[in-house]
$ cat entry10.cif   # mmCIF, C-alpha atoms and all ligand atoms
data_protein
loop_
_atom_site.label_atom_id
_atom_site.label_comp_id
_atom_site.auth_asym_id
_atom_site.auth_seq_id
_atom_site.Cartn_x
_atom_site.Cartn_y
_atom_site.Cartn_z
CA MET M 458 0.00 0.00 0.00
CA LYS M 459 1.28 3.41 -1.02
CA VAL M 460 0.93 6.59 1.06
CA LEU M 461 1.37 10.06 -0.41
CA VAL M 462 2.43 12.83 1.99
CA PRO M 463 2.29 16.42 0.69
CA VAL M 464 4.68 18.67 2.65
CA LYS M 465 5.06 22.44 2.52
CA ARG M 466 8.21 24.48 3.08
CA VAL M 467 7.34 27.24 5.55
CA VAL M 468 9.11 29.67 7.90
CA ASP M 469 10.54 27.64 10.81
CA SER M 470 8.06 27.72 13.71
CA ASN M 471 10.84 28.94 16.07
CA VAL M 472 11.52 32.06 13.99
CA ARG M 473 9.97 35.35 15.11
CA ILE M 474 7.89 36.48 12.13
CA ARG M 475 8.60 39.99 10.81
CA VAL M 476 6.27 41.82 8.45
CA ARG M 477 7.93 43.57 5.49
CA ALA M 478 8.15 47.33 5.95
CA ASP M 479 5.80 47.92 2.98
CA GLY M 480 3.16 45.52 4.42
CA SER M 481 3.34 43.35 1.29
CA GLY M 482 3.86 40.16 3.31
CA VAL M 483 6.14 38.38 5.73
CA GLU M 484 9.92 38.84 5.47
CA LEU M 485 11.44 35.68 3.95
CA THR M 486 14.95 36.89 3.11
CA ASN M 487 17.59 35.05 5.17
CA VAL M 488 14.89 33.44 7.29
CA LYS M 489 15.24 29.80 8.42
CA MET M 490 12.71 27.59 6.65
CA ALA M 491 11.49 24.12 7.64
CA MET M 492 8.83 21.50 7.00
CA ASN M 493 5.34 22.62 8.08
CA PRO M 494 4.95 21.05 11.58
CA PHE M 495 1.58 19.42 10.72
CA ASP M 496 3.27 17.75 7.73
CA GLU M 497 6.02 16.35 9.98
CA VAL M 498 3.24 14.67 11.95
CA ALA M 499 1.81 13.27 8.69
CA VAL M 500 5.24 11.88 7.67
CA GLU M 501 5.70 10.35 11.13
CA GLU M 502 2.29 8.65 10.97
CA ALA M 503 3.08 7.20 7.54
CA LEU M 504 6.41 5.88 8.90
CA ARG M 505 4.66 4.21 11.84
CA MET M 506 2.21 2.55 9.43
CA LYS M 507 5.17 1.28 7.39
CA GLU M 508 6.93 0.01 10.51
CA ALA M 509 3.71 -1.81 11.47
CA GLY M 510 3.86 -3.60 8.10
CA LYS M 511 0.69 -1.93 6.79
CA VAL M 512 2.36 0.36 4.24
CA SER M 513 4.96 -0.53 1.62
CA GLU M 514 5.91 2.85 0.15
CA ILE M 515 5.86 6.48 1.30
CA VAL M 516 6.08 9.19 -1.36
CA ILE M 517 6.68 12.81 -0.33
CA VAL M 518 5.52 15.63 -2.61
CA SER M 519 6.15 19.35 -2.31
CA ILE M 520 5.15 22.28 -4.48
CA GLY M 521 7.53 25.18 -4.19
CA PRO M 522 10.92 26.63 -5.15
CA ALA M 523 14.10 24.58 -5.71
CA ALA M 524 14.84 24.97 -1.98
CA ALA M 525 11.75 22.85 -1.21
CA THR M 526 14.07 19.95 -2.15
CA ASP M 527 15.51 20.32 1.38
CA THR M 528 12.03 19.89 2.84
CA ILE M 529 11.51 16.73 0.80
CA ARG M 530 14.95 15.44 1.83
CA THR M 531 13.96 15.98 5.48
CA GLY M 532 11.02 13.63 4.91
CA LEU M 533 13.30 11.14 3.15
CA ALA M 534 15.79 11.36 6.04
CA MET M 535 12.96 10.62 8.48
CA GLY M 536 12.40 7.41 6.47
CA ALA M 537 10.16 8.07 3.44
CA ASP M 538 11.09 6.26 0.20
CA ARG M 539 11.07 8.84 -2.59
CA GLY M 540 10.13 12.39 -3.39
CA ILE M 541 8.49 14.57 -6.04
CA LEU M 542 9.19 18.29 -6.32
CA ILE M 543 6.74 20.34 -8.39
CA LYS M 544 8.96 23.30 -8.93
CA THR M 545 7.68 26.87 -9.06
CA ASP M 546 8.78 30.22 -7.67
CA GLN M 547 5.22 31.51 -7.62
CA ASN M 548 3.08 31.69 -4.50
CA VAL M 549 0.69 28.75 -4.94
CA GLU M 550 -2.78 29.04 -3.41
CA PRO M 551 -4.60 26.03 -1.89
CA LEU M 552 -6.84 25.42 -4.94
CA ALA M 553 -3.81 25.28 -7.25
CA VAL M 554 -1.96 23.01 -4.77
CA ALA M 555 -5.02 20.75 -4.66
CA LYS M 556 -5.24 20.63 -8.48
CA LEU M 557 -1.55 19.65 -8.70
CA LEU M 558 -1.95 17.03 -5.97
CA GLN M 559 -4.92 15.64 -7.90
CA LYS M 560 -2.59 15.08 -10.88
CA VAL M 561 -0.05 13.36 -8.63
CA ILE M 562 -2.81 11.12 -7.25
CA ASP M 563 -3.87 10.24 -10.84
CA GLU M 564 -0.26 9.23 -11.57
CA GLU M 565 0.74 7.58 -8.31
CA LYS M 566 -2.62 6.08 -7.26
CA PRO M 567 -1.89 6.09 -3.50
CA GLN M 568 -4.32 4.30 -1.19
CA LEU M 569 -3.94 7.02 1.41
CA VAL M 570 -3.03 10.71 1.28
CA LEU M 571 -1.81 11.90 4.68
CA MET M 572 -1.39 15.65 4.95
CA GLY M 573 -1.32 18.49 7.45
CA LYS M 574 -4.60 20.08 8.48
CA GLN M 575 -3.04 23.47 7.81
CA ALA M 576 0.16 25.21 6.81
CA ILE M 577 1.39 27.52 9.56
CA ASP M 578 2.36 30.32 7.17
CA ASP M 579 -1.00 31.14 5.57
CA ASP M 580 -3.22 29.20 8.03
CA TYR M 581 -5.63 28.36 5.21
CA ASN M 582 -6.78 24.88 6.30
CA GLN M 583 -8.25 24.32 2.82
CA THR M 584 -6.02 22.10 0.70
CA GLY M 585 -7.09 18.66 2.03
CA GLN M 586 -10.77 19.53 1.77
CA MET M 587 -10.37 20.92 -1.77
CA LEU M 588 -8.37 17.85 -2.81
CA ALA M 589 -11.12 15.56 -1.50
CA ALA M 590 -13.70 17.54 -3.48
CA LEU M 591 -11.64 17.47 -6.70
CA THR M 592 -10.90 13.75 -6.48
CA SER M 593 -14.28 12.69 -4.98
CA LEU M 594 -12.32 10.78 -2.35
CA PRO M 595 -13.61 10.47 1.24
CA GLN M 596 -11.94 12.81 3.74
CA GLY M 597 -11.18 12.63 7.45
CA THR M 598 -10.00 15.98 8.77
CA PHE M 599 -8.16 16.99 12.00
CA ALA M 600 -7.14 13.40 12.80
CA SER M 601 -5.90 12.68 16.33
CA LYS M 602 -5.87 8.90 15.77
CA ILE M 603 -5.70 6.86 12.54
CA GLU M 604 -6.19 3.11 12.23
CA LEU M 605 -5.87 1.21 8.97
CA ASN M 606 -8.15 -1.82 8.71
CA GLY M 607 -7.74 -3.56 5.36
CA ASP M 608 -9.74 -1.58 2.83
CA SER M 609 -10.83 1.17 5.21
CA VAL M 610 -9.36 3.63 7.68
CA ASP M 611 -10.82 4.77 11.03
CA VAL M 612 -10.10 8.40 11.83
CA ALA M 613 -10.69 9.96 15.24
CA ARG M 614 -11.36 13.65 14.63
CA GLU M 615 -10.87 16.48 17.08
CA ILE M 616 -14.14 18.40 17.10
CA ASP M 617 -15.60 21.00 19.47
CA GLY M 618 -16.20 19.34 22.82
CA GLY M 619 -14.96 15.86 21.94
CA ILE M 620 -13.77 13.27 19.48
CA GLN M 621 -15.74 11.92 16.52
CA THR M 622 -14.62 8.67 14.87
CA VAL M 623 -15.38 8.17 11.18
CA GLN M 624 -14.65 5.26 8.86
CA LEU M 625 -13.46 6.01 5.33
CA LYS M 626 -13.24 3.59 2.45
CA LEU M 627 -9.77 3.59 0.87
CA PRO M 628 -8.44 5.38 -1.11
CA ALA M 629 -8.96 8.36 1.19
CA ILE M 630 -7.56 11.71 2.28
CA VAL M 631 -6.72 12.33 5.93
CA THR M 632 -5.55 15.66 7.36
CA VAL M 633 -3.71 15.44 10.66
CA ASP M 634 -3.70 17.41 13.89
CA LEU M 635 -0.63 17.99 16.05
CA HIS M 636 -1.84 15.64 18.80
CA LEU M 637 -1.56 12.57 16.55
CA ASN M 638 2.08 11.80 17.36
CA GLU M 639 5.51 13.19 18.20
CA PRO M 640 7.60 13.29 14.98
CA ARG M 641 11.08 11.75 15.09
CA TYR M 642 14.32 13.55 14.32
CA ALA M 643 16.34 12.26 11.38
CA SER M 644 19.65 10.66 12.43
CA LEU M 645 22.88 11.70 10.71
CA PRO M 646 23.29 8.35 8.86
CA ASN M 647 19.70 8.66 7.62
CA ILE M 648 20.33 12.24 6.45
CA MET M 649 23.26 10.89 4.41
CA LYS M 650 21.19 7.99 3.06
CA ALA M 651 18.37 10.37 2.07
CA LYS M 652 20.69 12.13 -0.37
CA LYS M 653 20.65 9.00 -2.53
CA LYS M 654 16.90 8.41 -2.47
CA PRO M 655 15.05 9.14 -5.74
CA LEU M 656 13.62 12.65 -6.15
CA ASP M 657 11.69 13.51 -9.34
CA GLU M 658 11.30 17.06 -10.51
CA LYS M 659 8.16 18.27 -12.33
CA THR M 660 6.51 21.59 -13.15
CA PRO M 661 2.93 22.88 -12.90
CA GLU M 662 3.04 23.51 -16.67
CA ALA M 663 3.87 19.87 -17.39
CA TYR M 664 0.78 18.90 -15.41
CA GLY M 665 -1.27 21.49 -17.34
CA VAL M 666 -2.40 23.25 -14.16
CA ASP M 667 -2.92 27.02 -14.10
CA ILE M 668 -1.50 28.21 -10.78
CA SER M 669 -2.07 31.94 -11.28
CA PRO M 670 -3.31 33.53 -8.05
CA ARG M 671 -6.99 34.38 -7.57
CA VAL M 672 -6.63 36.14 -4.25
CA LYS M 673 -4.87 39.47 -3.83
CA ILE M 674 -3.33 40.13 -0.42
CA LEU M 675 -4.10 43.78 0.30
CA LYS M 676 -2.09 44.21 3.46
CA THR M 677 -0.19 42.27 6.10
CA SER M 678 0.24 43.84 9.53
CA GLU M 679 1.79 42.96 12.88
CA PRO M 680 -0.63 42.16 15.72
CA ALA M 681 -1.38 45.24 17.86
CA ALA M 682 1.13 45.62 20.70
CA ARG M 683 -0.34 44.61 24.07
CA THR M 684 -0.66 47.33 26.67
CA ALA M 685 1.20 46.75 29.94
CA GLY M 686 -0.73 45.24 32.88
CA ILE M 687 -1.01 46.74 36.36
CA LYS M 688 -0.37 45.29 39.82
CA VAL M 689 -3.06 45.47 42.48
CA ALA M 690 -2.36 45.50 46.21
CA ASN M 691 -5.13 43.10 47.30
CA ALA M 692 -8.28 41.22 46.31
CA ALA M 693 -10.57 44.15 47.15
CA GLU M 694 -8.70 46.41 44.75
CA LEU M 695 -8.83 43.68 42.09
CA VAL M 696 -12.63 43.40 42.47
CA ALA M 697 -12.96 47.20 42.30
CA LYS M 698 -10.87 47.36 39.11
CA LEU M 699 -12.85 44.54 37.49
CA LYS M 700 -16.11 46.36 38.35
CA GLU M 701 -14.69 49.57 36.94
CA ALA M 702 -13.83 47.78 33.69
CA GLY M 703 -17.33 46.27 33.54
CA VAL M 704 -15.96 42.70 33.67
CA ILE M 705 -18.04 41.79 36.75
P1 LIG M 801 -3.30 24.79 3.85
O1 LIG M 801 -4.63 24.42 3.25
O2 LIG M 801 -2.51 25.76 2.99
O3 LIG M 801 -3.43 25.28 5.28
O4 LIG M 801 -2.38 23.46 3.86
C1 LIG M 801 -2.86 22.22 4.32
C2 LIG M 801 -1.90 21.12 3.92
O5 LIG M 801 -1.82 21.05 2.49
C3 LIG M 801 -0.46 21.28 4.38
O6 LIG M 801 -0.30 20.85 5.72
C4 LIG M 801 0.27 20.38 3.38
O7 LIG M 801 0.12 19.00 3.71
C5 LIG M 801 -0.53 20.63 2.09
N1 LIG M 801 0.10 21.71 1.30
C6 LIG M 801 -0.21 23.02 1.29
N2 LIG M 801 0.62 23.71 0.46
C7 LIG M 801 1.49 22.80 -0.05
C8 LIG M 801 2.59 22.87 -0.95
N3 LIG M 801 2.98 24.01 -1.50
N4 LIG M 801 3.25 21.71 -1.24
C9 LIG M 801 2.87 20.53 -0.70
N5 LIG M 801 1.85 20.41 0.16
C10 LIG M 801 1.16 21.53 0.49
#
$ encode --input "entry10.cif" --output "structure tokens" --more "lines below"
Ligand code: AMP
Amino acid sequence: MKVLVPVKRVVDSNVRIRVRADGSGVELTNVKMAMNPFDEVAVEEALRMKEAGKVSEIVIVSIGPAAATDTIRTGLAMGADRGILIKTDQNVEPLAVAKLLQKVIDEEKPQLVLMGKQAIDDDYNQTGQMLAALTSLPQGTFASKIELNGDSVDVAREIDGGIQTVQLKLPAIVTVDLHLNEPRYASLPNIMKAKKKPLDEKTPEAYGVDISPRVKILKTSEPAARTAGIKVANAAELVAKLKEAGVI
């Protein structure tokens, strides 16, 4: 059984985000980039399925600039088998990503697509759902537990106030939440080995997909600075202040 894991190259989650002076977006020059954390969880889950003998091949795919090769290699160093880079320097919106992934699914015919529930740069949370719509495949979103059972997969979903478990017939698309697992670090020998694993390079044009943007970002701004708090001497003063502010 083959699993496809789409991974996005994003600003490293430990980097303090700075907005460009002209408000046109987030500063990306000389900024450390990494695999989207939700996608690391998806790779880890695929690896655990392979280690449990339920999966035979894990294919990583990324749409992005040449540097996204590093992101794919990270997945290969974690233990995935091969990679596909769909190379473009353009900003690719979720619908275009989903259309490209649909083409990869047509070619690769995976039984399961395991992907992040959202990319931490744009916070869209759209690609998995759009991909399911385009391919007419069943979808299980926000997975906190995934169990493969022959020709179906059980997905426990994190929903408001609890967990909902759904069963999807394979092939299916599952988007993962952070609580699913703790991703492994790649060891040095595996990083070396990953350099030799196969990595195909394609283009959106070769797939015949129009990736021109449909959304125009008007402005990006920093969150408003928080005003400093005050210290109160005792509980009575606290209650008085809260009453003054209309909180109680
Ligand atoms: P989003 O809908 O942008 O929040 O992204 C949801 C998920 O779609 C991510 O966690 C990735 O698994 C996948 N994805 C989004 N953009 C890309 C991309 N450029 N390349 C590969 N996968 C992507």
$ residues_around --input "entry10.cif" --residues "stretch 560-574 of chain M" --least-positions-apart "6" --cutoff "6 Å" --atoms "all atoms listed in the file" --output "list of chain:residue names"
M:Lys459, M:Val460, M:Leu461, M:Val462, M:Pro463, M:Phe495, M:Asp496, M:Ala499, M:Asn582, M:Phe599, M:Leu627, M:Pro628, M:Ala629, M:Ile630, M:Val631, M:Thr632, M:Val633
$ atom_distance --input "entry10.cif" --atom1 "atom CA of M:Leu637" --atom2 "atom CA of M:Val623"
15.5 Å
$ closest_residue --input "entry10.cif" --among "M:Ile705, M:Leu675, M:Val516, M:Met535" --to "ligand LIG 801 (chain M)" --atoms "all atoms listed in the file"
M:Val516
$ atom_distance --input "entry10.cif" --atom1 "atom CA of M:Pro494" --atom2 "atom CA of M:Thr531"
12.0 Å
$ axis_aligned_box --input "entry10.cif" --around "ligand LIG 801 (chain M)" --padding-each-side "4 Å" --output "lines of an AutoDock Vina configuration file"
center_x = -0.7
center_y = 22.4
center_z = 2.1
size_x = 15.9
size_y = 14.8
size_z = 15.2
